[in-house]
>>> print(open('structure_20.cif').read())   # mmCIF, C-alpha atoms and all ligand atoms
data_start
#
loop_
_atom_site.label_atom_id
_atom_site.label_comp_id
_atom_site.auth_asym_id
_atom_site.auth_seq_id
_atom_site.Cartn_x
_atom_site.Cartn_y
_atom_site.Cartn_z
CA MET H 1 23.43 -11.54 -4.55
CA SER H 2 26.59 -12.77 -2.96
CA SER H 3 26.63 -15.66 -0.53
CA LYS H 4 29.14 -13.62 1.45
CA ALA H 5 26.36 -11.42 2.83
CA SER H 6 26.21 -11.64 6.59
CA GLY H 7 23.68 -14.27 7.65
CA ALA H 8 23.38 -15.68 4.11
CA LYS H 9 24.29 -19.15 3.02
CA ARG H 10 24.37 -20.60 -0.46
CA PRO H 11 21.01 -21.87 -1.70
CA SER H 12 20.82 -25.62 -1.25
CA ARG H 13 18.42 -26.25 -4.14
CA PRO H 14 19.42 -24.13 -7.11
CA PRO H 15 16.83 -24.40 -9.87
CA SER H 16 17.68 -24.12 -13.52
CA SER H 17 16.49 -20.83 -14.90
CA ALA H 18 14.05 -22.61 -17.21
CA SER H 19 12.34 -24.62 -14.52
CA ALA H 20 12.30 -21.65 -12.22
CA SER H 21 10.28 -19.49 -14.52
CA SER H 22 8.24 -21.66 -16.81
CA SER H 23 6.99 -24.87 -15.23
CA SER H 24 3.89 -23.83 -13.40
CA SER H 25 2.86 -27.37 -12.36
CA SER H 26 6.16 -28.09 -10.65
CA GLN H 27 6.06 -24.65 -9.11
CA ASP H 28 2.58 -25.13 -7.76
CA SER H 29 3.93 -28.01 -5.69
CA GLN H 30 6.16 -25.39 -4.02
CA ASN H 31 3.13 -23.47 -2.81
CA THR H 32 2.07 -23.69 0.81
CA VAL H 33 -0.37 -20.85 0.38
CA ALA H 34 -3.97 -21.97 0.37
CA ARG H 35 -6.39 -19.72 -1.49
CA ALA H 36 -7.98 -18.41 1.71
CA ASP H 37 -8.32 -19.96 5.12
CA GLN H 38 -11.67 -20.30 6.88
CA GLY H 39 -11.22 -16.94 8.59
CA GLY H 40 -10.53 -15.34 5.21
CA LEU H 41 -13.88 -16.54 3.90
CA VAL H 42 -15.66 -15.21 6.99
CA LEU H 43 -13.94 -11.83 6.69
CA ARG H 44 -14.82 -11.60 3.03
CA LYS H 45 -18.48 -12.28 3.80
CA LEU H 46 -18.46 -9.68 6.55
CA GLN H 47 -16.87 -7.07 4.27
CA ALA H 48 -19.41 -7.72 1.54
CA ALA H 49 -22.20 -7.33 4.12
CA LEU H 50 -20.74 -4.04 5.36
CA LEU H 51 -20.44 -2.60 1.85
CA LYS H 52 -23.98 -3.68 0.88
CA HIS H 53 -24.16 -2.21 -2.64
CA THR H 54 -20.76 -3.09 -3.99
CA SER H 55 -18.13 -5.80 -3.75
CA PRO H 56 -14.94 -5.25 -1.72
CA GLU H 57 -12.96 -5.28 -4.97
CA GLN H 58 -15.16 -2.72 -6.71
CA SER H 59 -15.12 -0.50 -3.65
CA LEU H 60 -11.30 -0.54 -3.70
CA LEU H 61 -11.25 0.41 -7.39
CA ASN H 62 -13.74 3.20 -6.79
CA CYS H 63 -11.34 4.75 -4.28
CA ILE H 64 -8.45 4.64 -6.76
CA ARG H 65 -10.60 6.03 -9.56
CA GLU H 66 -11.77 8.88 -7.35
CA ALA H 67 -8.24 9.72 -6.15
CA CYS H 68 -6.71 9.49 -9.64
CA ALA H 69 -9.55 11.21 -11.50
CA PRO H 70 -7.51 14.26 -12.65
CA THR H 71 -4.72 12.00 -13.97
CA LEU H 72 -7.08 9.57 -15.68
CA SER H 73 -8.85 12.38 -17.49
CA SER H 74 -5.76 14.32 -18.54
CA PRO H 75 -5.29 14.48 -22.35
CA ASP H 76 -1.68 13.22 -22.24
CA PHE H 77 -2.38 10.25 -19.99
CA GLU H 78 -2.00 7.65 -22.74
CA ALA H 79 1.24 9.19 -23.99
CA LYS H 80 2.63 8.98 -20.47
CA ILE H 81 1.65 5.31 -20.14
CA ARG H 82 3.37 4.58 -23.46
CA LYS H 83 6.51 6.27 -22.18
CA ILE H 84 6.38 4.30 -18.91
CA LYS H 85 6.05 1.03 -20.85
CA GLN H 86 9.04 1.90 -23.02
CA LEU H 87 11.11 2.68 -19.94
CA PHE H 88 10.06 -0.60 -18.30
CA PHE H 89 11.09 -2.46 -21.44
CA VAL H 90 14.64 -1.18 -21.13
CA ARG H 91 14.48 -1.59 -17.32
CA ASP H 92 15.07 2.12 -16.80
CA PHE H 93 13.14 2.22 -13.52
CA GLY H 94 14.71 5.50 -12.43
CA GLY H 95 13.45 7.09 -15.65
CA ILE H 96 9.91 6.38 -14.45
CA PHE H 97 10.06 6.89 -10.70
CA ASN H 98 12.26 9.98 -10.74
CA ASP H 99 9.97 11.79 -13.16
CA PRO H 100 7.21 13.65 -11.26
CA GLU H 101 5.24 13.90 -14.51
CA LEU H 102 5.06 10.12 -14.84
CA VAL H 103 4.51 9.14 -11.21
CA PRO H 104 0.73 9.86 -11.01
CA ALA H 105 0.16 8.08 -14.35
CA TYR H 106 2.14 5.10 -13.06
CA SER H 107 -0.10 4.89 -10.00
CA ALA H 108 -3.35 5.15 -11.95
CA GLU H 109 -2.26 2.37 -14.30
CA TYR H 110 -0.37 -0.03 -12.05
CA ILE H 111 -1.75 0.11 -8.53
CA PRO H 112 -5.28 -1.27 -9.11
CA GLY H 113 -4.15 -4.85 -9.86
CA ARG H 114 -1.54 -4.88 -7.12
CA ALA H 115 -3.86 -3.33 -4.52
CA LEU H 116 -6.49 -5.97 -5.32
CA CYS H 117 -3.88 -8.68 -4.91
CA TYR H 118 -2.53 -7.26 -1.62
CA ARG H 119 -6.05 -6.93 -0.29
CA GLU H 120 -6.61 -10.58 -1.01
CA LEU H 121 -3.35 -11.58 0.71
CA PHE H 122 -4.10 -9.57 3.85
CA THR H 123 -7.63 -10.92 4.16
CA ALA H 124 -6.90 -14.53 3.18
CA HIS H 125 -4.09 -15.46 5.60
CA ASP H 126 -4.28 -15.44 9.35
CA GLU H 127 -0.60 -14.49 9.75
CA LEU H 128 -1.23 -11.29 7.75
CA ARG H 129 -4.61 -10.49 9.30
CA GLN H 130 -2.96 -10.63 12.70
CA VAL H 131 -0.54 -7.89 11.59
CA LEU H 132 -3.53 -5.58 11.01
CA LEU H 133 -4.96 -6.48 14.41
CA LYS H 134 -1.83 -6.06 16.51
CA ASP H 135 -1.81 -3.41 19.19
CA GLN H 136 0.83 -0.83 18.28
CA GLY H 137 1.57 -2.57 14.98
CA HIS H 138 4.04 -0.86 12.65
CA VAL H 139 4.09 -1.82 8.99
CA PHE H 140 7.12 -0.46 7.19
CA ALA H 141 6.48 -0.68 3.46
CA LEU H 142 9.57 -0.28 1.26
CA GLY H 143 9.16 1.33 -2.15
CA ALA H 144 5.48 1.85 -1.45
CA GLY H 145 4.90 5.44 -2.54
CA ALA H 146 2.73 4.49 -5.49
CA GLY H 147 -0.16 3.56 -3.20
CA SER H 148 -0.83 -0.17 -3.78
CA GLU H 149 0.08 -1.09 -0.21
CA LEU H 150 -1.99 1.77 1.19
CA VAL H 151 -5.10 0.81 -0.76
CA GLY H 152 -4.64 -2.96 -0.38
CA LEU H 153 -4.06 -2.92 3.38
CA VAL H 154 -6.70 -0.33 4.22
CA SER H 155 -9.35 -2.18 2.25
CA ALA H 156 -8.33 -5.42 3.98
CA MET H 157 -8.97 -3.67 7.30
CA LEU H 158 -12.64 -3.08 6.58
CA GLY H 159 -14.57 -4.80 9.39
CA ILE H 160 -11.50 -6.62 10.67
CA ASP H 161 -12.07 -5.62 14.30
CA LYS H 162 -15.61 -7.00 14.24
CA PHE H 163 -14.25 -10.07 12.52
CA ALA H 164 -11.62 -10.60 15.25
CA THR H 165 -14.23 -10.34 17.98
CA TYR H 166 -16.43 -12.81 16.17
CA MET H 167 -13.61 -15.29 15.70
CA GLN H 168 -12.59 -15.02 19.36
CA LYS H 169 -16.11 -15.76 20.47
CA ARG H 170 -16.44 -18.61 18.05
CA THR H 171 -13.18 -20.16 19.22
CA ALA H 172 -14.24 -19.84 22.83
CA ALA H 173 -17.58 -21.35 21.87
CA SER H 174 -19.13 -18.77 24.15
CA ALA H 175 -21.64 -17.47 21.65
CA ALA H 176 -23.78 -18.73 18.82
CA ALA H 177 -21.61 -18.87 15.72
CA ASP H 178 -24.29 -18.06 13.21
CA GLU H 179 -24.43 -14.32 13.72
CA ILE H 180 -21.78 -11.61 13.41
CA PRO H 181 -22.07 -9.27 16.38
CA GLY H 182 -22.36 -5.57 15.63
CA SER H 183 -21.22 -3.80 18.76
CA GLU H 184 -18.75 -6.26 20.26
CA ALA H 185 -15.75 -4.68 18.51
CA GLU H 186 -16.49 -1.34 20.10
CA LYS H 187 -16.47 -2.84 23.59
CA ARG H 188 -12.83 -3.84 23.58
CA LYS H 189 -9.86 -1.58 23.10
CA LEU H 190 -9.18 -1.19 19.41
CA PRO H 191 -5.67 -1.91 18.18
CA ARG H 192 -3.73 0.87 16.55
CA LEU H 193 -1.73 0.35 13.39
CA THR H 194 0.85 2.60 11.78
CA LEU H 195 1.40 2.13 8.08
CA HIS H 196 4.60 3.80 6.92
CA LEU H 197 4.95 4.16 3.15
CA GLN H 198 8.56 4.68 2.15
CA ASP H 199 9.81 5.50 -1.33
CA ILE H 200 12.70 7.14 -3.15
CA ALA H 201 10.22 9.09 -5.25
CA ASP H 202 7.85 11.70 -3.94
CA TYR H 203 4.33 10.39 -4.51
CA SER H 204 2.59 12.80 -2.15
CA CYS H 205 0.40 14.07 -4.99
CA VAL H 206 -0.96 10.51 -5.24
CA LEU H 207 -0.90 9.41 -1.60
CA GLN H 208 -2.86 12.36 -0.22
CA PRO H 209 -5.96 11.90 -2.40
CA LEU H 210 -5.73 8.11 -1.98
CA GLU H 211 -5.67 8.41 1.80
CA ALA H 212 -8.57 10.87 1.71
CA ALA H 213 -10.64 8.54 -0.49
CA MET H 214 -9.83 5.48 1.64
CA ARG H 215 -10.67 7.23 4.91
CA THR H 216 -13.99 8.47 3.52
CA HIS H 217 -15.05 5.14 2.05
CA TYR H 218 -13.77 2.90 4.85
CA ARG H 219 -14.35 5.26 7.82
CA LEU H 220 -11.02 4.44 9.41
CA PRO H 221 -10.18 7.07 12.02
CA GLU H 222 -6.65 8.24 12.83
CA THR H 223 -6.98 6.57 16.22
CA ARG H 224 -7.16 3.17 14.52
CA LEU H 225 -4.77 3.72 11.62
CA THR H 226 -1.97 6.23 11.21
CA ILE H 227 -0.61 6.62 7.71
CA GLU H 228 2.88 8.07 7.34
CA SER H 229 5.21 8.45 4.41
CA SER H 230 8.84 9.31 3.82
CA VAL H 231 10.99 9.96 0.78
CA PHE H 232 14.51 8.59 0.84
CA ASP H 233 16.74 6.06 -0.86
CA ILE H 234 16.84 2.83 1.15
CA LEU H 235 20.28 2.14 -0.32
CA ASP H 236 21.65 5.50 0.72
CA GLU H 237 24.53 5.08 3.18
CA SER H 238 24.45 8.63 4.53
CA PRO H 239 24.05 8.74 8.34
CA GLU H 240 20.62 10.45 8.05
CA ALA H 241 19.15 7.90 5.63
CA LYS H 242 20.67 4.99 7.53
CA ALA H 243 19.29 6.25 10.85
CA LEU H 244 15.83 6.61 9.33
CA LEU H 245 15.92 3.13 7.85
CA LEU H 246 17.18 1.50 11.04
CA ALA H 247 14.63 3.34 13.20
CA HIS H 248 11.78 1.93 11.12
CA LEU H 249 13.24 -1.55 10.88
CA SER H 250 13.70 -1.80 14.63
CA LYS H 251 10.06 -0.97 15.42
CA ALA H 252 8.45 -2.80 12.49
CA THR H 253 6.08 -5.66 13.21
CA LEU H 254 6.02 -6.23 9.45
CA VAL H 255 8.35 -5.03 6.68
CA THR H 256 6.99 -5.33 3.16
CA ALA H 257 9.07 -5.45 -0.01
CA MET H 258 6.54 -5.66 -2.83
CA PHE H 259 7.90 -5.48 -6.36
CA ILE H 260 11.05 -3.72 -5.29
CA LEU H 261 13.84 -6.18 -4.39
CA ASN H 262 14.10 -7.45 -7.92
CA GLU H 263 14.45 -3.89 -9.22
CA LEU H 264 17.11 -3.07 -6.62
CA LEU H 265 19.03 -6.21 -7.47
CA ALA H 266 18.94 -5.37 -11.16
CA ASN H 267 20.37 -1.93 -10.43
CA ASN H 268 22.93 -2.71 -7.78
CA LYS H 269 23.54 -6.20 -6.42
CA LYS H 270 26.01 -5.20 -3.74
CA ASP H 271 23.78 -2.52 -2.22
CA CYS H 272 20.78 -4.81 -2.36
CA VAL H 273 22.66 -7.51 -0.44
CA ARG H 274 23.57 -4.91 2.16
CA LEU H 275 19.92 -3.91 2.47
CA VAL H 276 18.78 -7.51 2.94
CA THR H 277 21.47 -7.99 5.56
CA GLN H 278 20.15 -4.91 7.39
CA LEU H 279 16.60 -6.22 7.12
CA VAL H 280 17.63 -9.37 8.92
CA ARG H 281 20.00 -7.83 11.42
CA GLU H 282 17.95 -4.81 12.49
CA THR H 283 14.41 -6.19 12.73
CA ALA H 284 13.09 -7.59 16.00
CA VAL H 285 12.84 -11.31 16.60
CA GLY H 286 9.24 -12.34 15.87
CA SER H 287 8.68 -9.58 13.30
CA LEU H 288 7.65 -10.50 9.76
CA LEU H 289 9.04 -9.78 6.31
CA LEU H 290 6.71 -10.04 3.31
CA VAL H 291 8.27 -10.26 -0.14
CA VAL H 292 6.10 -10.28 -3.27
CA ASP H 293 7.55 -9.94 -6.75
CA SER H 294 7.29 -11.14 -10.29
CA ALA H 295 7.23 -14.94 -10.62
CA GLY H 296 8.89 -14.69 -14.02
CA SER H 297 12.49 -14.48 -15.08
CA PHE H 298 12.55 -10.83 -13.98
CA SER H 299 13.24 -12.18 -10.49
CA GLU H 300 16.25 -14.25 -11.50
CA VAL H 301 19.65 -13.39 -10.13
CA LYS H 302 22.97 -14.49 -11.52
CA VAL H 303 25.23 -15.97 -8.85
CA GLY H 304 28.50 -17.38 -10.09
CA GLN H 305 27.68 -19.49 -13.14
CA GLY H 306 24.01 -20.01 -12.32
CA ASN H 307 20.74 -18.13 -12.36
CA TYR H 308 18.60 -18.32 -9.24
CA MET H 309 15.18 -17.01 -8.41
CA ILE H 310 15.61 -14.33 -5.78
CA TYR H 311 13.41 -16.23 -3.27
CA HIS H 312 15.83 -19.15 -3.21
CA LEU H 313 18.50 -16.78 -2.02
CA LEU H 314 16.19 -15.25 0.56
CA ASP H 315 15.07 -18.71 1.76
CA SER H 316 18.65 -19.60 2.52
CA ILE H 317 19.29 -16.67 4.85
CA GLN H 318 19.86 -17.66 8.45
CA GLY H 319 17.55 -15.81 10.78
CA LEU H 320 14.54 -15.96 8.47
CA GLU H 321 11.96 -18.71 8.87
CA VAL H 322 9.51 -19.26 6.02
CA VAL H 323 5.92 -18.84 7.23
CA LEU H 324 4.08 -18.70 3.90
CA LYS H 325 5.45 -19.45 0.47
CA ALA H 326 4.29 -19.66 -3.10
CA ASP H 327 6.74 -19.79 -5.99
CA SER H 328 4.05 -19.04 -8.51
CA GLN H 329 0.65 -17.74 -7.58
CA TRP H 330 -2.01 -16.08 -9.71
CA TYR H 331 -4.18 -13.26 -8.61
CA ARG H 332 -7.17 -13.34 -10.92
CA PHE H 333 -9.49 -10.42 -10.40
CA PRO H 334 -13.22 -11.16 -10.38
CA GLU H 335 -15.17 -10.49 -13.53
CA ASP H 336 -17.52 -7.53 -13.81
CA LEU H 337 -15.18 -5.06 -12.15
CA ASN H 338 -15.37 -1.55 -13.41
CA TYR H 339 -12.22 0.60 -13.86
CA PRO H 340 -11.42 2.92 -16.78
CA LEU H 341 -8.24 0.99 -17.64
CA ARG H 342 -7.65 -2.66 -18.42
CA LEU H 343 -6.98 -4.79 -15.32
CA ASN H 344 -4.42 -7.54 -15.63
CA ASN H 345 -4.27 -10.77 -13.70
CA MET H 346 -1.01 -11.08 -11.86
CA ARG H 347 1.46 -13.92 -11.41
CA TYR H 348 3.75 -13.44 -8.48
CA PHE H 349 5.88 -15.25 -5.95
CA LEU H 350 5.31 -14.74 -2.29
CA ARG H 351 7.35 -15.26 0.84
CA LEU H 352 6.36 -14.40 4.37
CA TYR H 353 9.33 -14.80 6.72
CA ARG H 354 9.52 -14.59 10.47
CA ARG H 355 12.65 -13.23 12.10
CA VAL H 356 13.95 -15.93 14.42
C1 LIG H 401 7.75 -1.47 -9.19
S1 LIG H 401 7.41 -0.19 -8.05
C2 LIG H 401 6.48 -1.04 -6.84
C3 LIG H 401 5.57 -0.14 -6.09
C4 LIG H 401 4.73 -0.82 -5.00
N1 LIG H 401 5.55 -1.48 -4.00
C5 LIG H 401 3.73 -1.78 -5.54
O1 LIG H 401 3.76 -2.97 -5.19
O2 LIG H 401 2.90 -1.35 -6.33
C6 LIG H 401 8.97 0.02 -7.23
C7 LIG H 401 8.99 1.20 -6.27
O3 LIG H 401 10.23 1.19 -5.57
C8 LIG H 401 10.71 2.51 -5.49
N2 LIG H 401 12.18 2.45 -5.34
C9 LIG H 401 13.10 2.07 -6.26
N3 LIG H 401 14.35 2.16 -5.77
C10 LIG H 401 14.22 2.61 -4.50
C11 LIG H 401 15.16 2.91 -3.46
N4 LIG H 401 16.47 2.76 -3.66
N5 LIG H 401 14.69 3.35 -2.27
C12 LIG H 401 13.36 3.48 -2.08
N6 LIG H 401 12.42 3.22 -3.02
C13 LIG H 401 12.85 2.79 -4.21
C14 LIG H 401 10.27 3.16 -6.79
O4 LIG H 401 10.24 4.57 -6.69
C15 LIG H 401 8.88 2.54 -6.95
O5 LIG H 401 7.88 3.31 -6.36
#
>>> encode(input="structure_20.cif", output="structure tokens")
Amino acid sequence: MSSKASGAKRPSRPPSSASASSSSSSQDSQNTVARADQGGLVLRKLQAALLKHTSPEQSLLNCIREACAPTLSSPDFEAKIRKIKQLFFVRDFGGIFNDPELVPAYSAEYIPGRALCYRELFTAHDELRQVLLKDQGHVFALGAGAGSELVGLVSAMLGIDKFATYMQKRTAASAAADEIPGSEAEKRKLPRLTLHLQDIADYSCVLQPLEAAMRTHYRLPETRLTIESSVFDILDESPEAKALLLAHLSKATLVTAMFILNELLANNKKDCVRLVTQLVRETAVGSLLLVVDSAGSFSEVKVGQGNYMIYHLLDSIQGLEVVLKADSQWYRFPEDLNYPLRLNNMRYFLRLYRRV
């Protein structure tokens, strides 16, 4: 990424590539992300109470398993996963995401861990919960066709309106704090969120059954949550693609870039810098940008003679204020979860920026 990008300045604290990717103790000191705030613990308890017979995590996995059942049971599933892994190894991302045969297999294998992690993020932190509770909120999720953002955010929304009512009452000290009210949420006007899942690849064969499973299990009506999707290249400079991108950026209350910026940088630095510049220039003041990506050397960028982690470059952009940050964070899924494929713990970096 070039420091010539509009609004960007050179990172003031360039790490060596070794310390950036291997020293977890020094990195932990860079974390301002607590595991979960008090509200996160309350929401988690409420969700578990609403689900009764299963944990929030298992319920999420059940939805993915149900939606991906035909893919998971197909005889060539394992061969497809092997092919995907080979393509990842040589960083041929297009080879995976442009192949409609591989896309459903990719989702079945890769979205469970990420969705669990995103669910945790959106329940654990007040800044992210508030996004789900905003009236007329618009989440624009880049490179999100595979379904992790859909499943993670929708499962984080379970009971969140009741939770918000409860927290308001508790803060106002106007009600006893030892009981979660049942009907209070219905009395006030419910917020309405639009979740727009954007991707260069067409994942509709995955997104439709995922949405159906999530709506059935979580009983989220259209009036509370609208789910949209679009297929276009966010780096495309054609007037149509640019207009689409800018329209979403300008109305977004949150833009997410989960496991995509690093891939875009690897493919085309110049275009990626242009995209980041647009993200800053075209979003409204006060809106948020959430970036989550690999905490390992995959996220390193070569600038001049040095290697930098991509978040150091993002941190240095004028117009973005860091709200939450973690240079190296683990998502460790709870034991005793049941999914037909192996679940992997995930190490990631996180940045939540506010446009100022
Ligand atoms: C590693 S996957 C991450 C998927 C998802 N965000 C998640 O966290 O599970 C990267 C996604 O970015 C999409 N992608 C790659 N280049 C893109 C581009 N230029 N425009 C839009 N989407 C792109 C791919 O199709 C793929 O679905």
>>> atom_distance(input="structure_20.cif", atom1="CA of Arg355 (chain H)", atom2="CA of Val255 (chain H)")
10.7 Å
>>> axis_aligned_box(input="structure_20.cif", around="ligand LIG 401 (chain H)", padding_each_side="4 Å", output="JSON")
{"center_x": 9.7, "center_y": 0.8, "center_z": -5.6, "size_x": 21.6, "size_y": 15.5, "size_z": 15.1}
>>> residues_near_ligand(input="structure_20.cif", ligand="ligand LIG 401 (chain H)", cutoff="7 Å", atoms="only C-alpha atoms and all ligand atoms", output="list in words")
Phe97, Tyr110, Ile111, Arg114, Leu142, Gly143, Ala144, Gly145, Ala146, Gly147, Ser148, Glu149, Gln198, Asp199, Ile200, Ala201, Phe232, Asp233, Ile234, Leu235, Ala257, Met258, Phe259, Ile260, Glu263 and Leu264 of chain H
>>> residues_around(input="structure_20.cif", residues="Ser287 (chain H)", least_positions_apart="4", cutoff="7 Å", atoms="only C-alpha atoms", output="list in words")
Ala252, Thr253, Leu254, Thr283, Arg354 and Arg355 of chain H
>>> closest_residue(input="structure_20.cif", among="H:Glu321, H:Glu237, H:Glu211, H:Asp92", to="Val151 (chain H)", atoms="all atoms listed in the file")
H:Glu211
>>> decode(input="structure_20.cif", residues="region 96-149 of chain H", atoms="C-alpha atoms", output="compact mmCIF listing (two decimals), in the first residue's frame")
# COMPACT_ATOMS: atom_id res chain seq x y z
CA ILE H 96 -11.57 -20.87 -5.69
CA PHE H 97 -14.09 -18.04 -5.69
CA ASN H 98 -14.67 -17.95 -9.44
CA ASP H 99 -15.47 -21.65 -9.58
CA PRO H 100 -19.19 -22.24 -8.91
CA GLU H 101 -18.40 -25.91 -8.22
CA LEU H 102 -16.10 -24.99 -5.33
CA VAL H 103 -18.05 -22.12 -3.77
CA PRO H 104 -20.63 -24.21 -1.80
CA ALA H 105 -17.85 -26.52 -0.54
CA TYR H 106 -15.84 -23.47 0.54
CA SER H 107 -18.81 -22.20 2.56
CA ALA H 108 -19.51 -25.53 4.26
CA GLU H 109 -15.86 -25.86 5.30
CA TYR H 110 -14.84 -22.29 6.13
CA ILE H 111 -17.82 -20.33 7.39
CA PRO H 112 -18.56 -22.19 10.66
CA GLY H 113 -15.41 -20.98 12.48
CA ARG H 114 -15.69 -17.45 11.13
CA ALA H 115 -19.42 -17.17 11.84
CA LEU H 116 -18.81 -18.30 15.43
CA CYS H 117 -16.09 -15.69 15.77
CA TYR H 118 -18.20 -12.88 14.25
CA ARG H 119 -21.10 -13.83 16.49
CA GLU H 120 -18.84 -13.46 19.48
CA LEU H 121 -17.57 -10.06 18.30
CA PHE H 122 -21.06 -8.68 17.70
CA THR H 123 -22.37 -9.86 21.06
CA ALA H 124 -19.28 -9.03 23.14
CA HIS H 125 -18.71 -5.34 22.29
CA ASP H 126 -21.12 -2.53 22.87
CA GLU H 127 -19.95 -0.59 19.80
CA LEU H 128 -20.91 -3.55 17.59
CA ARG H 129 -24.15 -4.39 19.41
CA GLN H 130 -25.26 -0.82 18.86
CA VAL H 131 -24.87 -1.33 15.10
CA LEU H 132 -27.46 -4.13 15.27
CA LEU H 133 -29.78 -1.93 17.31
CA LYS H 134 -29.64 1.22 15.21
CA ASP H 135 -32.80 2.43 13.57
CA GLN H 136 -32.33 2.26 9.80
CA GLY H 137 -28.90 0.65 10.18
CA HIS H 138 -27.14 -0.42 7.00
CA VAL H 139 -24.31 -2.94 7.21
CA PHE H 140 -22.37 -3.18 3.98
CA ALA H 141 -20.30 -6.36 4.10
CA LEU H 142 -17.53 -6.57 1.49
CA GLY H 143 -16.59 -9.99 0.12
CA ALA H 144 -19.29 -11.56 2.24
CA GLY H 145 -21.02 -13.92 -0.18
CA ALA H 146 -19.82 -17.06 1.58
CA GLY H 147 -22.24 -16.49 4.45
CA SER H 148 -20.08 -16.05 7.59
CA GLU H 149 -21.24 -12.47 8.14
